[in-house]
Amino acid sequence: MSREKIITAQSTGQEDEQFNIALRPRTLGECIGGGELLEKLRISIAAARGRNEPMEHVLLHGPPGLGKTTLAYVIAHEMGTNLKVSSGPALTRPSDLIGILTNLEARDVLFIDEIHRLSPAVEEYIYPAMEDFKVDFVVDSGMHSRTINLPLKPFTLIGATTRAGLLSPPLRTRFGINHHLDFWPVEDLRLRCAMTAEMIRVPCDGDALDLLAARARGTPRIANRLLRRCRDYAQVKGDGRLTTGAVTAALKLEGIDALGLDELDRRFLRVILDVYKGGPVGIEAVAATLGEETDTLVDVVEPYLLQAGLLARTRRGRLATMKAYEHLGVPYTPPPENGSLFDSESV
Ligand code: ADP
């Protein structure tokens, strides 16, 4: 199955990315979300600006599409500085990183996406850069080798990762602010949908926005993408207005069900229910049966199924919940032995 699934929170191409960029808020005031993170950032930014210093280093973790990149742009904008964007896999050699670091201006923001994928050789250079704003590197070898200390302008590193657990402890502890981004509540997603609809100038009914927000899997990037597909549908099949009828029909065509699950989500659950009798089953076994990569399932598919209460993670593996049986209309057959699997201790 193609990874170009509508529901994926990962960006699915250049057009999608441009759309995404156009819809990003630029200031903290424009950001949606009443949580403590925005307040924490507001205080840190004001304090740093008052002292004419860079803001603390920030680590943002959580599933894709929830706003990590957006916050990096917002922080740089609020600090009145530049943002440099890179990613763990793109920084293959220490010189890639040193090149970027030495070009930063004072208080600039460096955003490293997928920071858990930095190679250990590159990561080593990040520690002194973050802590003392310097890099040390050795030139020449043998008798002539010498260490060069290169001072850097004070900067802010914003690291983003879908898996904080894969970050090495020395790297993790060097971030002053460490925050997990959760799935958005429906009210916030509705605000996002309304904002996007206005920006892309599509007239819509309030009920249609409620429906979209409820099926966006707690993810603003998905809300934006679904809205775009619904707009196309309404334009071609209707009079251009987003009604509940148009949204329902467009989402059905995309294979999105009442809980916002798509084909891959349902296949994932079906494999556990049908092939592994409800689990518990190891994620690698599910990935192999589905022909998907384990990382994709762990980063993109599982988090929402866990949050929606359709899946449980136990010491013995993944387990479909009663809600999953009900949602997919599969009759529940109790396990042969007496002990209930649902009591398993979660990890
Ligand atoms: P991530 O980097 O976590 O994958 P993005 O920062 O690309 O996610 O966010 C995806 C989209 O979600 C953005 O294009 C934007 O439209 C929306 N979004 C994210 N955070 C916010 C926010 N705080 N307020 C409003 N919209 C947001």
# chains A, B, ... in the order shown; residues from 1 in each chain; ligands from 1
>>> select_by_dssp(residues="stretch 110-259 of chain A", states="strand (DSSP E or B)", output="CSV table (one decimal) with N, CA, C and O atoms, in the first residue's frame")
chain,number,residue,atom,x,y,z
A,110,LEU,N,18.3,27.4,15.5
A,110,LEU,CA,18.6,26.2,14.6
A,110,LEU,C,17.6,25.1,15.0
A,110,LEU,O,17.5,24.7,16.1
A,111,PHE,N,16.8,24.7,13.9
A,111,PHE,CA,15.8,23.7,14.2
A,111,PHE,C,16.3,22.4,13.5
A,111,PHE,O,16.7,22.3,12.4
A,112,ILE,N,16.5,21.4,14.3
A,112,ILE,CA,16.9,20.1,13.8
A,112,ILE,C,15.7,19.1,14.0
A,112,ILE,O,15.4,18.7,15.1
A,113,ASP,N,15.1,18.7,12.9
A,113,ASP,CA,14.0,17.8,12.9
A,113,ASP,C,14.6,16.4,13.0
A,113,ASP,O,15.8,16.2,12.6
A,134,LYS,N,30.6,26.7,21.6
A,134,LYS,CA,31.9,26.5,20.9
A,134,LYS,C,32.0,25.2,20.3
A,134,LYS,O,31.2,24.2,20.7
A,135,VAL,N,32.8,25.0,19.3
A,135,VAL,CA,33.1,23.7,18.8
A,135,VAL,C,34.6,23.5,18.8
A,135,VAL,O,35.4,24.4,18.5
A,136,ASP,N,35.0,22.3,19.1
A,136,ASP,CA,36.4,21.9,19.1
A,136,ASP,C,36.6,20.9,18.1
A,136,ASP,O,35.9,19.9,18.1
A,137,PHE,N,37.5,21.1,17.2
A,137,PHE,CA,37.8,20.0,16.2
A,137,PHE,C,39.3,19.9,15.9
A,137,PHE,O,40.0,20.8,16.0
A,138,VAL,N,39.6,18.7,15.6
A,138,VAL,CA,41.0,18.3,15.4
A,138,VAL,C,41.4,18.5,13.9
A,138,VAL,O,40.7,17.9,13.1
A,139,VAL,N,42.5,19.2,13.6
A,139,VAL,CA,42.9,19.2,12.3
A,139,VAL,C,44.3,18.5,12.1
A,139,VAL,O,45.0,18.5,13.1
A,146,ARG,N,46.3,19.2,15.8
A,146,ARG,CA,46.0,20.2,16.8
A,146,ARG,C,44.5,20.4,16.9
A,146,ARG,O,43.8,20.2,15.9
A,147,THR,N,44.1,20.9,18.1
A,147,THR,CA,42.7,21.1,18.3
A,147,THR,C,42.4,22.6,18.1
A,147,THR,O,43.1,23.5,18.6
A,148,ILE,N,41.4,22.9,17.3
A,148,ILE,CA,41.0,24.3,17.1
A,148,ILE,C,39.7,24.5,17.9
A,148,ILE,O,38.7,23.7,17.7
A,149,ASN,N,39.7,25.5,18.7
A,149,ASN,CA,38.4,25.9,19.4
A,149,ASN,C,37.8,27.0,18.6
A,149,ASN,O,38.4,28.1,18.4
A,150,LEU,N,36.6,26.8,18.2
A,150,LEU,CA,35.9,27.8,17.4
A,150,LEU,C,34.7,28.3,18.2
A,150,LEU,O,33.8,27.6,18.6
A,151,PRO,N,34.8,29.6,18.6
A,151,PRO,CA,33.6,30.1,19.4
A,151,PRO,C,32.5,30.3,18.5
A,151,PRO,O,32.6,30.7,17.3
A,156,THR,N,20.0,29.3,19.8
A,156,THR,CA,19.0,28.4,20.4
A,156,THR,C,18.9,27.2,19.5
A,156,THR,O,18.6,27.3,18.3
A,157,LEU,N,19.0,26.0,20.1
A,157,LEU,CA,18.7,24.8,19.3
A,157,LEU,C,17.3,24.3,19.6
A,157,LEU,O,16.9,24.2,20.8
A,158,ILE,N,16.5,24.1,18.6
A,158,ILE,CA,15.2,23.4,18.8
A,158,ILE,C,15.3,22.1,18.2
A,158,ILE,O,15.5,22.0,17.0
A,159,GLY,N,15.2,21.0,19.0
A,159,GLY,CA,15.2,19.7,18.4
A,159,GLY,C,13.8,19.1,18.4
A,159,GLY,O,13.0,19.4,19.3
A,160,ALA,N,13.4,18.4,17.3
A,160,ALA,CA,12.1,17.8,17.2
A,160,ALA,C,12.3,16.3,17.0
A,160,ALA,O,13.2,15.9,16.3
A,161,THR,N,11.5,15.5,17.7
A,161,THR,CA,11.6,14.1,17.5
A,161,THR,C,10.2,13.4,17.7
A,161,THR,O,9.4,13.9,18.5
A,177,ILE,N,14.1,23.4,27.9
A,177,ILE,CA,12.6,23.1,27.8
A,177,ILE,C,12.4,21.8,27.1
A,177,ILE,O,13.0,21.6,26.0
A,178,ASN,N,11.7,20.9,27.7
A,178,ASN,CA,11.5,19.6,27.1
A,178,ASN,C,10.0,19.3,27.2
A,178,ASN,O,9.4,19.2,28.2
A,179,HIS,N,9.4,19.3,26.0
A,179,HIS,CA,7.9,19.2,26.0
A,179,HIS,C,7.4,18.2,25.1
A,179,HIS,O,7.8,18.1,23.9
A,180,HIS,N,6.4,17.5,25.6
A,180,HIS,CA,5.7,16.5,24.7
A,180,HIS,C,4.4,17.1,24.1
A,180,HIS,O,3.6,17.7,24.8
A,204,CYS,N,-18.2,27.5,4.5
A,204,CYS,CA,-18.6,26.2,5.1
A,204,CYS,C,-19.6,26.4,6.2
A,204,CYS,O,-19.7,27.4,6.8
A,242,LEU,N,-19.0,23.9,1.7
A,242,LEU,CA,-18.7,22.7,2.5
A,242,LEU,C,-19.9,22.4,3.5
A,242,LEU,O,-20.0,23.1,4.5
>>> residues_near_ligand(ligand="ligand 1", cutoff="6 Å", atoms="only C-alpha atoms and all ligand atoms", output="PyMOL selection string")
chain A and resi 20-21+23-25+31-33+64-70+192+220-221
>>> write_last_selection(atoms="N, CA, C and O atoms", output="JSON list (two decimals), in the first residue's frame")
[["chain", "number", "residue", "atom", "x", "y", "z"],
["A", 20, "ASN", "N", 1.09, 23.59, 3.74],
["A", 20, "ASN", "CA", 1.38, 23.55, 5.16],
["A", 20, "ASN", "C", 2.07, 24.83, 5.63],
["A", 20, "ASN", "O", 1.73, 25.40, 6.66],
["A", 21, "ILE", "N", 3.06, 25.26, 4.86],
["A", 21, "ILE", "CA", 3.83, 26.45, 5.23],
["A", 21, "ILE", "C", 2.92, 27.68, 5.23],
["A", 21, "ILE", "O", 2.93, 28.48, 6.15],
["A", 23, "LEU", "N", -0.08, 27.86, 5.86],
["A", 23, "LEU", "CA", -1.07, 27.84, 6.94],
["A", 23, "LEU", "C", -0.45, 27.91, 8.33],
["A", 23, "LEU", "O", -1.15, 27.80, 9.32],
["A", 24, "ARG", "N", 0.85, 28.10, 8.39],
["A", 24, "ARG", "CA", 1.48, 28.15, 9.72],
["A", 24, "ARG", "C", 1.30, 29.52, 10.35],
["A", 24, "ARG", "O", 1.58, 30.53, 9.72],
["A", 25, "PRO", "N", 0.90, 29.54, 11.62],
["A", 25, "PRO", "CA", 0.86, 30.84, 12.30],
["A", 25, "PRO", "C", 2.28, 31.38, 12.45],
["A", 25, "PRO", "O", 3.22, 30.59, 12.47],
["A", 31, "CYS", "N", -1.14, 31.45, 17.46],
["A", 31, "CYS", "CA", -1.11, 30.00, 17.70],
["A", 31, "CYS", "C", -2.36, 29.53, 18.43],
["A", 31, "CYS", "O", -2.84, 30.19, 19.34],
["A", 32, "ILE", "N", -2.84, 28.38, 18.03],
["A", 32, "ILE", "CA", -3.98, 27.77, 18.71],
["A", 32, "ILE", "C", -3.43, 26.90, 19.83],
["A", 32, "ILE", "O", -2.38, 26.28, 19.66],
["A", 33, "GLY", "N", -4.14, 26.81, 20.93],
["A", 33, "GLY", "CA", -3.70, 25.93, 22.01],
["A", 33, "GLY", "C", -3.63, 26.68, 23.32],
["A", 33, "GLY", "O", -2.99, 27.73, 23.41],
["A", 64, "PRO", "N", 4.07, 13.12, 14.41],
["A", 64, "PRO", "CA", 4.19, 14.16, 13.38],
["A", 64, "PRO", "C", 2.88, 14.91, 13.17],
["A", 64, "PRO", "O", 1.80, 14.39, 13.44],
["A", 65, "GLY", "N", 3.02, 16.14, 12.70],
["A", 65, "GLY", "CA", 1.85, 16.93, 12.30],
["A", 65, "GLY", "C", 1.18, 17.71, 13.40],
["A", 65, "GLY", "O", 0.12, 18.29, 13.19],
["A", 66, "LEU", "N", 1.80, 17.76, 14.60],
["A", 66, "LEU", "CA", 1.14, 18.44, 15.72],
["A", 66, "LEU", "C", 1.66, 19.86, 15.96],
["A", 66, "LEU", "O", 1.16, 20.55, 16.83],
["A", 67, "GLY", "N", 2.68, 20.25, 15.23],
["A", 67, "GLY", "CA", 3.10, 21.66, 15.35],
["A", 67, "GLY", "C", 4.53, 21.91, 15.82],
["A", 67, "GLY", "O", 4.83, 23.01, 16.27],
["A", 68, "LYS", "N", 5.42, 20.94, 15.70],
["A", 68, "LYS", "CA", 6.80, 21.14, 16.17],
["A", 68, "LYS", "C", 7.52, 22.17, 15.28],
["A", 68, "LYS", "O", 8.13, 23.11, 15.78],
["A", 69, "THR", "N", 7.42, 21.98, 13.96],
["A", 69, "THR", "CA", 8.10, 22.91, 13.05],
["A", 69, "THR", "C", 7.50, 24.30, 13.18],
["A", 69, "THR", "O", 8.22, 25.31, 13.19],
["A", 70, "THR", "N", 6.19, 24.35, 13.29],
["A", 70, "THR", "CA", 5.50, 25.63, 13.44],
["A", 70, "THR", "C", 6.06, 26.40, 14.63],
["A", 70, "THR", "O", 6.35, 27.59, 14.53],
["A", 192, "ARG", "N", -8.78, 25.36, 14.10],
["A", 192, "ARG", "CA", -7.82, 25.25, 12.99],
["A", 192, "ARG", "C", -8.57, 25.11, 11.65],
["A", 192, "ARG", "O", -8.23, 25.76, 10.67],
["A", 220, "PRO", "N", -3.50, 18.68, 13.57],
["A", 220, "PRO", "CA", -3.84, 19.82, 12.71],
["A", 220, "PRO", "C", -3.41, 19.64, 11.26],
["A", 220, "PRO", "O", -4.10, 20.08, 10.36],
["A", 221, "ARG", "N", -2.29, 18.97, 11.04],
["A", 221, "ARG", "CA", -1.87, 18.80, 9.64],
["A", 221, "ARG", "C", -2.90, 17.95, 8.88],
["A", 221, "ARG", "O", -3.19, 18.20, 7.72]]
>>> residues_around(residues="A:Leu118", least_positions_apart="4", cutoff="10 Å", atoms="only C-alpha atoms", output="short mmCIF file (atom, residue, chain, number, x, y, z; two decimals) with N, CA and C atoms, in the first residue's frame")
data_model
loop_
_atom_site.label_atom_id
_atom_site.label_comp_id
_atom_site.auth_asym_id
_atom_site.auth_seq_id
_atom_site.Cartn_x
_atom_site.Cartn_y
_atom_site.Cartn_z
N SER A 87 17.94 18.58 9.53
CA SER A 87 17.37 17.38 10.15
C SER A 87 18.47 16.38 10.47
N GLY A 88 18.20 15.49 11.40
CA GLY A 88 19.18 14.49 11.81
C GLY A 88 19.79 13.74 10.64
N PRO A 89 18.96 13.17 9.75
CA PRO A 89 19.53 12.40 8.64
C PRO A 89 20.31 13.27 7.65
N ALA A 90 20.01 14.58 7.57
CA ALA A 90 20.72 15.44 6.59
C ALA A 90 22.12 15.78 7.07
N LEU A 91 22.32 15.75 8.39
CA LEU A 91 23.64 16.11 8.94
C LEU A 91 24.48 14.84 9.04
N THR A 92 25.03 14.42 7.91
CA THR A 92 25.72 13.14 7.92
C THR A 92 27.12 13.23 8.51
N ARG A 93 27.81 14.37 8.25
CA ARG A 93 29.19 14.48 8.77
C ARG A 93 29.29 15.65 9.75
N ILE A 112 16.46 21.37 14.35
CA ILE A 112 16.88 20.06 13.82
C ILE A 112 15.73 19.08 14.01
N ASP A 113 15.12 18.73 12.87
CA ASP A 113 14.01 17.78 12.90
C ASP A 113 14.60 16.37 13.00
N GLU A 114 13.82 15.44 13.48
CA GLU A 114 14.28 14.04 13.62
C GLU A 114 15.65 13.98 14.29
N VAL A 122 28.27 13.10 14.86
CA VAL A 122 27.81 14.49 14.74
C VAL A 122 27.32 14.98 16.11
N GLU A 123 26.64 14.09 16.81
CA GLU A 123 26.06 14.45 18.11
C GLU A 123 27.13 14.96 19.08
N GLU A 124 28.29 14.36 19.00
CA GLU A 124 29.39 14.76 19.89
C GLU A 124 29.71 16.25 19.80
N ILE A 126 27.59 18.55 19.07
CA ILE A 126 26.45 19.36 19.52
C ILE A 126 26.59 19.74 20.99
N LEU A 167 16.53 9.32 22.11
CA LEU A 167 17.57 10.35 22.27
C LEU A 167 18.55 9.92 23.36
#
>>> residues_around(residues="A:Thr219", least_positions_apart="4", cutoff="10 Å", atoms="only C-alpha atoms", output="VMD selection string")
chain A and resid 7 to 9 63 to 67 182 to 186 188 to 189 192 213 215 223 to 224 304
>>> select_by_dssp(residues="stretch 143-271 of chain A", states="alpha helix (DSSP H)", output="short mmCIF file (atom, residue, chain, number, x, y, z; two decimals) with N, CA and C atoms, in the first residue's frame")
data_model
loop_
_atom_site.label_atom_id
_atom_site.label_comp_id
_atom_site.auth_asym_id
_atom_site.auth_seq_id
_atom_site.Cartn_x
_atom_site.Cartn_y
_atom_site.Cartn_z
N PRO A 169 20.75 10.15 26.60
CA PRO A 169 20.54 10.99 27.78
C PRO A 169 21.38 12.27 27.80
N PRO A 170 22.68 12.22 27.39
CA PRO A 170 23.43 13.48 27.43
C PRO A 170 22.82 14.56 26.53
N LEU A 171 22.24 14.15 25.43
CA LEU A 171 21.63 15.15 24.54
C LEU A 171 20.33 15.67 25.16
N ARG A 172 19.54 14.73 25.66
CA ARG A 172 18.23 15.10 26.21
C ARG A 172 18.36 16.10 27.36
N VAL A 186 -10.64 18.31 20.16
CA VAL A 186 -11.48 18.61 19.00
C VAL A 186 -11.76 20.12 18.87
N GLU A 187 -11.94 20.82 20.00
CA GLU A 187 -12.24 22.27 19.92
C GLU A 187 -11.12 23.02 19.22
N ASP A 188 -9.86 22.65 19.54
CA ASP A 188 -8.73 23.32 18.90
C ASP A 188 -8.67 22.98 17.41
N LEU A 189 -8.98 21.73 17.10
CA LEU A 189 -8.96 21.32 15.69
C LEU A 189 -10.04 22.06 14.91
N ARG A 190 -11.15 22.30 15.58
CA ARG A 190 -12.23 23.02 14.91
C ARG A 190 -11.78 24.44 14.61
N LEU A 191 -11.09 25.05 15.57
CA LEU A 191 -10.58 26.40 15.34
C LEU A 191 -9.63 26.40 14.15
N ARG A 192 -8.78 25.36 14.10
CA ARG A 192 -7.82 25.25 12.99
C ARG A 192 -8.57 25.11 11.65
N CYS A 193 -9.61 24.27 11.65
CA CYS A 193 -10.38 24.07 10.42
C CYS A 193 -11.03 25.38 9.97
N ALA A 194 -11.59 26.11 10.94
CA ALA A 194 -12.26 27.37 10.60
C ALA A 194 -11.24 28.35 10.03
N MET A 195 -10.07 28.38 10.66
CA MET A 195 -9.02 29.30 10.22
C MET A 195 -8.56 28.95 8.80
N THR A 196 -8.35 27.65 8.58
CA THR A 196 -7.88 27.20 7.26
C THR A 196 -8.94 27.48 6.20
N ALA A 197 -10.22 27.20 6.55
CA ALA A 197 -11.30 27.43 5.58
C ALA A 197 -11.33 28.89 5.17
N GLU A 198 -11.10 29.76 6.15
CA GLU A 198 -11.12 31.18 5.82
C GLU A 198 -9.93 31.54 4.93
N MET A 199 -8.77 30.96 5.26
CA MET A 199 -7.58 31.28 4.49
C MET A 199 -7.66 30.77 3.05
N GLY A 206 -21.18 25.35 9.88
CA GLY A 206 -20.58 25.03 11.18
C GLY A 206 -20.54 23.52 11.43
N ASP A 207 -21.61 22.83 11.07
CA ASP A 207 -21.67 21.38 11.32
C ASP A 207 -20.60 20.64 10.53
N ALA A 208 -20.33 21.17 9.33
CA ALA A 208 -19.32 20.51 8.48
C ALA A 208 -17.95 20.62 9.15
N LEU A 209 -17.69 21.77 9.80
CA LEU A 209 -16.41 21.94 10.49
C LEU A 209 -16.33 21.02 11.71
N ASP A 210 -17.45 20.84 12.40
CA ASP A 210 -17.48 19.93 13.56
C ASP A 210 -17.10 18.52 13.11
N LEU A 211 -17.68 18.13 11.99
CA LEU A 211 -17.46 16.78 11.47
C LEU A 211 -15.98 16.58 11.09
N LEU A 212 -15.45 17.58 10.41
CA LEU A 212 -14.04 17.49 10.00
C LEU A 212 -13.11 17.41 11.20
N ALA A 213 -13.38 18.27 12.18
CA ALA A 213 -12.52 18.31 13.37
C ALA A 213 -12.54 16.97 14.10
N ALA A 214 -13.73 16.34 14.10
CA ALA A 214 -13.85 15.07 14.81
C ALA A 214 -13.13 13.93 14.10
N PRO A 220 -3.50 18.68 13.57
CA PRO A 220 -3.84 19.82 12.71
C PRO A 220 -3.41 19.64 11.26
N ARG A 221 -2.29 18.97 11.04
CA ARG A 221 -1.87 18.80 9.64
C ARG A 221 -2.90 17.95 8.88
N ILE A 222 -3.45 16.97 9.55
CA ILE A 222 -4.46 16.14 8.90
C ILE A 222 -5.74 16.95 8.68
N ALA A 223 -6.09 17.79 9.66
CA ALA A 223 -7.28 18.64 9.50
C ALA A 223 -7.15 19.49 8.25
N ASN A 224 -5.96 20.09 8.07
CA ASN A 224 -5.73 20.92 6.88
C ASN A 224 -5.87 20.12 5.60
N ARG A 225 -5.31 18.93 5.62
CA ARG A 225 -5.32 18.12 4.40
C ARG A 225 -6.73 17.63 4.06
N LEU A 226 -7.45 17.21 5.08
CA LEU A 226 -8.83 16.75 4.83
C LEU A 226 -9.69 17.89 4.30
N LEU A 227 -9.45 19.06 4.86
CA LEU A 227 -10.23 20.23 4.44
C LEU A 227 -9.99 20.50 2.96
N ARG A 228 -8.76 20.35 2.54
CA ARG A 228 -8.44 20.59 1.13
C ARG A 228 -9.14 19.57 0.23
N ARG A 229 -9.15 18.32 0.67
CA ARG A 229 -9.81 17.30 -0.15
C ARG A 229 -11.32 17.56 -0.20
N CYS A 230 -11.88 17.98 0.92
CA CYS A 230 -13.32 18.25 0.98
C CYS A 230 -13.67 19.45 0.11
N ARG A 231 -12.78 20.43 0.12
CA ARG A 231 -13.02 21.61 -0.74
C ARG A 231 -13.09 21.18 -2.20
N ASP A 232 -12.14 20.35 -2.63
CA ASP A 232 -12.14 19.88 -4.02
C ASP A 232 -13.45 19.15 -4.33
N TYR A 233 -13.85 18.31 -3.39
CA TYR A 233 -15.06 17.52 -3.60
C TYR A 233 -16.27 18.45 -3.76
N ALA A 234 -16.38 19.42 -2.84
CA ALA A 234 -17.53 20.34 -2.87
C ALA A 234 -17.53 21.16 -4.16
N GLN A 235 -16.35 21.48 -4.63
CA GLN A 235 -16.26 22.29 -5.84
C GLN A 235 -16.71 21.49 -7.08
N VAL A 236 -16.30 20.23 -7.13
CA VAL A 236 -16.60 19.42 -8.32
C VAL A 236 -17.99 18.79 -8.25
N LYS A 237 -18.36 18.32 -7.08
CA LYS A 237 -19.63 17.60 -6.97
C LYS A 237 -20.79 18.45 -6.44
N THR A 244 -22.27 19.31 5.57
CA THR A 244 -21.99 18.01 6.18
C THR A 244 -22.08 16.90 5.13
N GLY A 245 -23.02 17.08 4.19
CA GLY A 245 -23.17 16.09 3.12
C GLY A 245 -21.89 15.98 2.31
N ALA A 246 -21.33 17.13 1.94
CA ALA A 246 -20.12 17.12 1.11
C ALA A 246 -18.95 16.51 1.89
N VAL A 247 -18.83 16.89 3.18
CA VAL A 247 -17.72 16.37 3.99
C VAL A 247 -17.86 14.85 4.17
N THR A 248 -19.10 14.41 4.48
CA THR A 248 -19.31 12.97 4.68
C THR A 248 -18.95 12.20 3.41
N ALA A 249 -19.42 12.70 2.28
CA ALA A 249 -19.17 11.98 1.02
C ALA A 249 -17.67 12.00 0.68
N ALA A 250 -17.03 13.16 0.87
CA ALA A 250 -15.60 13.26 0.52
C ALA A 250 -14.76 12.35 1.41
N LEU A 251 -15.07 12.31 2.70
CA LEU A 251 -14.29 11.47 3.62
C LEU A 251 -14.54 9.99 3.35
N LYS A 252 -15.75 9.67 2.94
CA LYS A 252 -16.06 8.28 2.61
C LYS A 252 -15.22 7.84 1.41
N LEU A 253 -15.14 8.74 0.45
CA LEU A 253 -14.35 8.45 -0.74
C LEU A 253 -12.88 8.23 -0.39
N GLU A 263 -7.66 3.38 5.86
CA GLU A 263 -7.45 2.00 5.47
C GLU A 263 -6.29 1.33 6.24
N LEU A 264 -5.16 2.03 6.35
CA LEU A 264 -4.01 1.41 7.01
C LEU A 264 -4.27 1.17 8.50
N ASP A 265 -4.92 2.14 9.13
CA ASP A 265 -5.26 1.96 10.55
C ASP A 265 -6.11 0.72 10.74
N ARG A 266 -7.09 0.60 9.84
CA ARG A 266 -8.01 -0.55 9.99
C ARG A 266 -7.29 -1.86 9.66
N ARG A 267 -6.41 -1.82 8.66
CA ARG A 267 -5.66 -3.05 8.33
C ARG A 267 -4.79 -3.45 9.52
N PHE A 268 -4.19 -2.45 10.16
CA PHE A 268 -3.34 -2.69 11.34
C PHE A 268 -4.16 -3.43 12.41
N LEU A 269 -5.33 -2.88 12.70
CA LEU A 269 -6.17 -3.50 13.74
C LEU A 269 -6.65 -4.88 13.29
N ARG A 270 -7.00 -4.99 12.02
CA ARG A 270 -7.51 -6.27 11.51
C ARG A 270 -6.47 -7.38 11.61
#
>>> residues_around(residues="A:Leu310", least_positions_apart="3", cutoff="12 Å", atoms="only C-alpha atoms", output="MDAnalysis selection string")
chainID A and resid 259 261 265:266 268:270 272:273 278 301:307 313 318:328 342
>>> closest_residue(among="A:Val286, A:Ile43, A:Leu152, A:Leu37", to="A:Gly99", atoms="only C-alpha atoms")
A:Leu152
>>> atom_distance(atom1="atom CA of A:Glu105", atom2="atom CA of A:Phe155")
7.5 Å
>>> closest_residue(among="A:Val109, A:Met55, A:Leu97, A:Ala216", to="A:Tyr125", atoms="only C-alpha atoms")
A:Leu97
>>> closest_residue(among="A:Gly317, A:His77, A:Asp295, A:Asp274", to="A:Tyr332", atoms="only C-alpha atoms")
A:Asp274
